[in-house]
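Q: Dropping a structure here in structure tokens format, bear with me for questions.
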Amino acid sequence: MNMTTATGVAAPSSPRHHQPSPKLDVLHLRRLAEFRYQLRRFLHISQLAAAESGLRPQQYQMLQCVAAMPPGVEPTIANVAERMFLKHNSTVELVDRTIEQNLMRRLQDPDDHRRILLRVTHDGERVLSSLAEFHTQQLQEAGPELVRALARVLNSRSRQFTAPPAGAAS
């Protein structure tokens, strides 16, 4: 049974309860590890690029988040915190640091004067645009291997559930 966290993400239930654990499938585990490696490799390169631009990785993520909120979702501290899986206080500190670098600003919501909205400044847009271009190039290079690694994970898992039980008559 999975539980949903406050962020809406399903948290796995403890494997110690209910049913016995399935036999460890080393090949599937190896495929999961390879996918995680490819994903972390891309994220590591992303962190290095952000640092070279004078940002902490979370600042780049926050700039993306604020600039590209889904339709109907305003870039408030609460919404940014939720989308970045951060606590409110941590988000405020990150916003403050980013404002100090003139990459973002706070504005009063014209529709609700009690609310504060976040906006990326022109300097922030310049940095964000440069990093987005770099990341797109990285995904063009590393993306195919990342997709293959994910496909191998999903294909091995789907075959496991659709294969006839061992020893079953053909």
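Following the order of the structure tokens, first chain is A, next is B, and so on, with residues numbered from 1 inside each chain and ligands from 1 in the order they appear.
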Which residues are near stretch 98-113 of chain A? Cut-off 7 Å, only C-alpha atoms, ignore same chain within fewer than 5 positions. Put them as number ranges by chain.
A: A: 59, 118-121, 123-124
Q: Taking 5 positions as the minimum chain separation for residues in the same chain, which residues sit within 7 Å of stretch 141-146 of chain A when counting only C-alpha atoms? Answer as a short mmCIF file (atom, residue, chain, number, x, y, z; two decimals) with C-alpha atoms, in the first residue's frame.
A:
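part-v2.cif was written with the following content:
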```cif
data_model
loop_
_atom_site.label_atom_id
_atom_site.label_comp_id
_atom_site.auth_asym_id
_atom_site.auth_seq_id
_atom_site.Cartn_x
_atom_site.Cartn_y
_atom_site.Cartn_z
CA PHE A 35 18.99 4.46 -15.13
CA GLN A 38 22.35 8.22 -16.27
CA LEU A 39 19.90 10.50 -14.47
#
```
Q: Per DSSP on the backbone, filter stretch 50-138 of chain A down to the residues in helix (DSSP H, G or I) and report them as a PDB file with N, CA and C atoms, in the first residue's frame.
A:
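Listing of selection.pdb after writing:
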```
ATOM      1  N   ALA A  50      25.314  25.242 -13.464  1.00  0.00           N
ATOM      2  CA  ALA A  50      24.727  26.283 -12.621  1.00  0.00           C
ATOM      3  C   ALA A  50      25.820  26.984 -11.822  1.00  0.00           C
ATOM      4  N   ALA A  51      26.725  26.205 -11.251  1.00  0.00           N
ATOM      5  CA  ALA A  51      27.816  26.781 -10.458  1.00  0.00           C
ATOM      6  C   ALA A  51      28.703  27.681 -11.312  1.00  0.00           C
ATOM      7  N   GLU A  52      28.977  27.262 -12.546  1.00  0.00           N
ATOM      8  CA  GLU A  52      29.788  28.094 -13.436  1.00  0.00           C
ATOM      9  C   GLU A  52      29.098  29.411 -13.770  1.00  0.00           C
ATOM     10  N   PRO A  57      22.704  25.099  -7.542  1.00  0.00           N
ATOM     11  CA  PRO A  57      21.784  24.315  -8.373  1.00  0.00           C
ATOM     12  C   PRO A  57      20.307  24.590  -8.068  1.00  0.00           C
ATOM     13  N   GLN A  58      19.975  24.773  -6.786  1.00  0.00           N
ATOM     14  CA  GLN A  58      18.571  25.027  -6.449  1.00  0.00           C
ATOM     15  C   GLN A  58      18.108  26.398  -6.948  1.00  0.00           C
ATOM     16  N   GLN A  59      19.038  27.339  -7.088  1.00  0.00           N
ATOM     17  CA  GLN A  59      18.641  28.640  -7.620  1.00  0.00           C
ATOM     18  C   GLN A  59      18.232  28.507  -9.087  1.00  0.00           C
ATOM     19  N   TYR A  60      18.979  27.726  -9.839  1.00  0.00           N
ATOM     20  CA  TYR A  60      18.617  27.496 -11.238  1.00  0.00           C
ATOM     21  C   TYR A  60      17.252  26.819 -11.315  1.00  0.00           C
ATOM     22  N   GLN A  61      17.044  25.801 -10.489  1.00  0.00           N
ATOM     23  CA  GLN A  61      15.766  25.104 -10.469  1.00  0.00           C
ATOM     24  C   GLN A  61      14.631  26.060 -10.102  1.00  0.00           C
ATOM     25  N   MET A  62      14.899  26.948  -9.152  1.00  0.00           N
ATOM     26  CA  MET A  62      13.867  27.891  -8.737  1.00  0.00           C
ATOM     27  C   MET A  62      13.564  28.892  -9.853  1.00  0.00           C
ATOM     28  N   LEU A  63      14.591  29.386 -10.524  1.00  0.00           N
ATOM     29  CA  LEU A  63      14.354  30.292 -11.645  1.00  0.00           C
ATOM     30  C   LEU A  63      13.490  29.621 -12.710  1.00  0.00           C
ATOM     31  N   GLN A  64      13.789  28.369 -13.010  1.00  0.00           N
ATOM     32  CA  GLN A  64      12.969  27.605 -13.955  1.00  0.00           C
ATOM     33  C   GLN A  64      11.530  27.515 -13.459  1.00  0.00           C
ATOM     34  N   CYS A  65      11.404  27.170 -12.207  1.00  0.00           N
ATOM     35  CA  CYS A  65      10.096  26.979 -11.594  1.00  0.00           C
ATOM     36  C   CYS A  65       9.268  28.269 -11.668  1.00  0.00           C
ATOM     37  N   VAL A  66       9.861  29.396 -11.290  1.00  0.00           N
ATOM     38  CA  VAL A  66       9.150  30.674 -11.274  1.00  0.00           C
ATOM     39  C   VAL A  66       8.801  31.110 -12.695  1.00  0.00           C
ATOM     40  N   ALA A  67       9.734  30.952 -13.622  1.00  0.00           N
ATOM     41  CA  ALA A  67       9.513  31.403 -14.996  1.00  0.00           C
ATOM     42  C   ALA A  67       8.526  30.525 -15.757  1.00  0.00           C
ATOM     43  N   ILE A  77       5.675  31.881  -2.981  1.00  0.00           N
ATOM     44  CA  ILE A  77       6.640  31.106  -2.191  1.00  0.00           C
ATOM     45  C   ILE A  77       6.075  29.705  -1.932  1.00  0.00           C
ATOM     46  N   ALA A  78       4.816  29.624  -1.546  1.00  0.00           N
ATOM     47  CA  ALA A  78       4.212  28.329  -1.225  1.00  0.00           C
ATOM     48  C   ALA A  78       4.211  27.397  -2.436  1.00  0.00           C
ATOM     49  N   ASN A  79       3.859  27.916  -3.605  1.00  0.00           N
ATOM     50  CA  ASN A  79       3.819  27.071  -4.798  1.00  0.00           C
ATOM     51  C   ASN A  79       5.219  26.651  -5.234  1.00  0.00           C
ATOM     52  N   VAL A  80       6.184  27.554  -5.118  1.00  0.00           N
ATOM     53  CA  VAL A  80       7.560  27.210  -5.464  1.00  0.00           C
ATOM     54  C   VAL A  80       8.079  26.147  -4.491  1.00  0.00           C
ATOM     55  N   ALA A  81       7.809  26.325  -3.213  1.00  0.00           N
ATOM     56  CA  ALA A  81       8.244  25.344  -2.211  1.00  0.00           C
ATOM     57  C   ALA A  81       7.662  23.964  -2.516  1.00  0.00           C
ATOM     58  N   GLU A  82       6.386  23.927  -2.866  1.00  0.00           N
ATOM     59  CA  GLU A  82       5.739  22.647  -3.169  1.00  0.00           C
ATOM     60  C   GLU A  82       6.354  21.988  -4.398  1.00  0.00           C
ATOM     61  N   ARG A  83       6.560  22.759  -5.446  1.00  0.00           N
ATOM     62  CA  ARG A  83       7.077  22.197  -6.691  1.00  0.00           C
ATOM     63  C   ARG A  83       8.547  21.800  -6.596  1.00  0.00           C
ATOM     64  N   MET A  84       9.275  22.400  -5.640  1.00  0.00           N
ATOM     65  CA  MET A  84      10.687  22.060  -5.470  1.00  0.00           C
ATOM     66  C   MET A  84      10.917  21.097  -4.305  1.00  0.00           C
ATOM     67  N   HIS A  88       8.996  25.763   3.499  1.00  0.00           N
ATOM     68  CA  HIS A  88       8.716  27.178   3.270  1.00  0.00           C
ATOM     69  C   HIS A  88       9.919  28.051   3.636  1.00  0.00           C
ATOM     70  N   ASN A  89      10.485  27.826   4.812  1.00  0.00           N
ATOM     71  CA  ASN A  89      11.614  28.648   5.269  1.00  0.00           C
ATOM     72  C   ASN A  89      12.823  28.520   4.347  1.00  0.00           C
ATOM     73  N   SER A  90      13.099  27.321   3.893  1.00  0.00           N
ATOM     74  CA  SER A  90      14.220  27.111   2.972  1.00  0.00           C
ATOM     75  C   SER A  90      13.980  27.850   1.660  1.00  0.00           C
ATOM     76  N   THR A  91      12.746  27.857   1.211  1.00  0.00           N
ATOM     77  CA  THR A  91      12.404  28.550  -0.033  1.00  0.00           C
ATOM     78  C   THR A  91      12.587  30.048   0.125  1.00  0.00           C
ATOM     79  N   VAL A  92      12.168  30.595   1.278  1.00  0.00           N
ATOM     80  CA  VAL A  92      12.341  32.029   1.526  1.00  0.00           C
ATOM     81  C   VAL A  92      13.823  32.393   1.479  1.00  0.00           C
ATOM     82  N   GLU A  93      14.672  31.594   2.101  1.00  0.00           N
ATOM     83  CA  GLU A  93      16.114  31.860   2.085  1.00  0.00           C
ATOM     84  C   GLU A  93      16.673  31.809   0.662  1.00  0.00           C
ATOM     85  N   LEU A  94      16.228  30.833  -0.110  1.00  0.00           N
ATOM     86  CA  LEU A  94      16.674  30.704  -1.490  1.00  0.00           C
ATOM     87  C   LEU A  94      16.210  31.905  -2.325  1.00  0.00           C
ATOM     88  N   VAL A  95      14.984  32.333  -2.117  1.00  0.00           N
ATOM     89  CA  VAL A  95      14.455  33.515  -2.809  1.00  0.00           C
ATOM     90  C   VAL A  95      15.282  34.740  -2.433  1.00  0.00           C
ATOM     91  N   ASP A  96      15.546  34.917  -1.150  1.00  0.00           N
ATOM     92  CA  ASP A  96      16.322  36.081  -0.703  1.00  0.00           C
ATOM     93  C   ASP A  96      17.697  36.122  -1.356  1.00  0.00           C
ATOM     94  N   ARG A  97      18.396  34.977  -1.399  1.00  0.00           N
ATOM     95  CA  ARG A  97      19.719  34.926  -2.028  1.00  0.00           C
ATOM     96  C   ARG A  97      19.642  35.266  -3.517  1.00  0.00           C
ATOM     97  N   THR A  98      18.602  34.775  -4.154  1.00  0.00           N
ATOM     98  CA  THR A  98      18.450  35.000  -5.587  1.00  0.00           C
ATOM     99  C   THR A  98      18.091  36.458  -5.880  1.00  0.00           C
ATOM    100  N   ILE A  99      17.307  37.069  -5.011  1.00  0.00           N
ATOM    101  CA  ILE A  99      16.977  38.490  -5.144  1.00  0.00           C
ATOM    102  C   ILE A  99      18.232  39.335  -4.949  1.00  0.00           C
ATOM    103  N   GLU A 100      19.076  38.958  -3.991  1.00  0.00           N
ATOM    104  CA  GLU A 100      20.329  39.685  -3.757  1.00  0.00           C
ATOM    105  C   GLU A 100      21.219  39.690  -5.002  1.00  0.00           C
ATOM    106  N   HIS A 122      15.352  40.594 -15.732  1.00  0.00           N
ATOM    107  CA  HIS A 122      16.029  40.475 -17.030  1.00  0.00           C
ATOM    108  C   HIS A 122      17.357  39.740 -16.884  1.00  0.00           C
ATOM    109  N   ASP A 123      18.107  40.051 -15.827  1.00  0.00           N
ATOM    110  CA  ASP A 123      19.370  39.328 -15.577  1.00  0.00           C
ATOM    111  C   ASP A 123      19.105  37.844 -15.356  1.00  0.00           C
ATOM    112  N   GLY A 124      18.052  37.551 -14.603  1.00  0.00           N
ATOM    113  CA  GLY A 124      17.681  36.163 -14.350  1.00  0.00           C
ATOM    114  C   GLY A 124      17.281  35.449 -15.629  1.00  0.00           C
ATOM    115  N   GLU A 125      16.540  36.138 -16.488  1.00  0.00           N
ATOM    116  CA  GLU A 125      16.140  35.548 -17.769  1.00  0.00           C
ATOM    117  C   GLU A 125      17.353  35.237 -18.636  1.00  0.00           C
ATOM    118  N   ARG A 126      18.346  36.128 -18.610  1.00  0.00           N
ATOM    119  CA  ARG A 126      19.563  35.925 -19.393  1.00  0.00           C
ATOM    120  C   ARG A 126      20.289  34.662 -18.923  1.00  0.00           C
ATOM    121  N   VAL A 127      20.465  34.526 -17.604  1.00  0.00           N
ATOM    122  CA  VAL A 127      21.134  33.338 -17.048  1.00  0.00           C
ATOM    123  C   VAL A 127      20.300  32.087 -17.316  1.00  0.00           C
ATOM    124  N   LEU A 128      19.004  32.188 -17.103  1.00  0.00           N
ATOM    125  CA  LEU A 128      18.102  31.060 -17.308  1.00  0.00           C
ATOM    126  C   LEU A 128      18.120  30.611 -18.765  1.00  0.00           C
ATOM    127  N   SER A 129      18.098  31.550 -19.683  1.00  0.00           N
ATOM    128  CA  SER A 129      18.119  31.223 -21.105  1.00  0.00           C
ATOM    129  C   SER A 129      19.408  30.505 -21.478  1.00  0.00           C
ATOM    130  N   SER A 130      20.522  31.008 -20.982  1.00  0.00           N
ATOM    131  CA  SER A 130      21.819  30.394 -21.269  1.00  0.00           C
ATOM    132  C   SER A 130      21.885  28.966 -20.726  1.00  0.00           C
ATOM    133  N   LEU A 131      21.443  28.786 -19.488  1.00  0.00           N
ATOM    134  CA  LEU A 131      21.469  27.448 -18.884  1.00  0.00           C
ATOM    135  C   LEU A 131      20.474  26.510 -19.563  1.00  0.00           C
ATOM    136  N   ALA A 132      19.321  27.015 -19.951  1.00  0.00           N
ATOM    137  CA  ALA A 132      18.332  26.178 -20.642  1.00  0.00           C
ATOM    138  C   ALA A 132      18.894  25.685 -21.974  1.00  0.00           C
ATOM    139  N   GLU A 133      19.590  26.562 -22.684  1.00  0.00           N
ATOM    140  CA  GLU A 133      20.215  26.166 -23.955  1.00  0.00           C
ATOM    141  C   GLU A 133      21.269  25.086 -23.703  1.00  0.00           C
ATOM    142  N   PHE A 134      22.106  25.284 -22.686  1.00  0.00           N
ATOM    143  CA  PHE A 134      23.127  24.288 -22.346  1.00  0.00           C
ATOM    144  C   PHE A 134      22.474  22.947 -22.004  1.00  0.00           C
ATOM    145  N   HIS A 135      21.422  22.974 -21.185  1.00  0.00           N
ATOM    146  CA  HIS A 135      20.770  21.735 -20.771  1.00  0.00           C
ATOM    147  C   HIS A 135      20.088  21.034 -21.947  1.00  0.00           C
ATOM    148  N   THR A 136      19.541  21.810 -22.850  1.00  0.00           N
ATOM    149  CA  THR A 136      18.925  21.207 -24.031  1.00  0.00           C
ATOM    150  C   THR A 136      19.980  20.490 -24.864  1.00  0.00           C
ATOM    151  N   GLN A 137      21.142  21.108 -25.029  1.00  0.00           N
ATOM    152  CA  GLN A 137      22.238  20.453 -25.756  1.00  0.00           C
ATOM    153  C   GLN A 137      22.675  19.176 -25.032  1.00  0.00           C
ATOM    154  N   GLN A 138      22.775  19.243 -23.709  1.00  0.00           N
ATOM    155  CA  GLN A 138      23.154  18.063 -22.934  1.00  0.00           C
ATOM    156  C   GLN A 138      22.143  16.945 -23.099  1.00  0.00           C
TER     157      GLN A 138
END
```
Q: May I ask for the distance between atom CA of A:Pro75 and atom CA of A:His44, given in Å to one decimal place?
A: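 About the pair atom CA of A:Pro75 and atom CA of A:His44: they are 26.2 Å apart.
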Q: Could you give me, as a ChimeraX atom specification, the residues within 12 Å of A:Leu29, counting only C-alpha atoms and dropping anything in the same chain fewer than 2 positions from it?
A: /A:23-27,31-36,149,152-154,156-157
Q: May I ask for the distance between atom CA of A:Ala68 and atom CA of A:Leu55, given in Å to one decimal place?
A: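 Pair atom CA of A:Ala68 / atom CA of A:Leu55 returns 18.2 Å.
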Q: Rank nothing, just name the residue among A:Ala151, A:Glu74, A:Lys87, A:Gln140 nearest to A:Ile116, using only C-alpha atoms.
A: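 Under the stated criterion, the closest residue is A:Glu74.
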Q: Stretch 8-150 of chain A: which residues are strand (DSSP E or B) by DSSP, as number ranges by chain?
A: A: 10-11, 104-108, 116-120
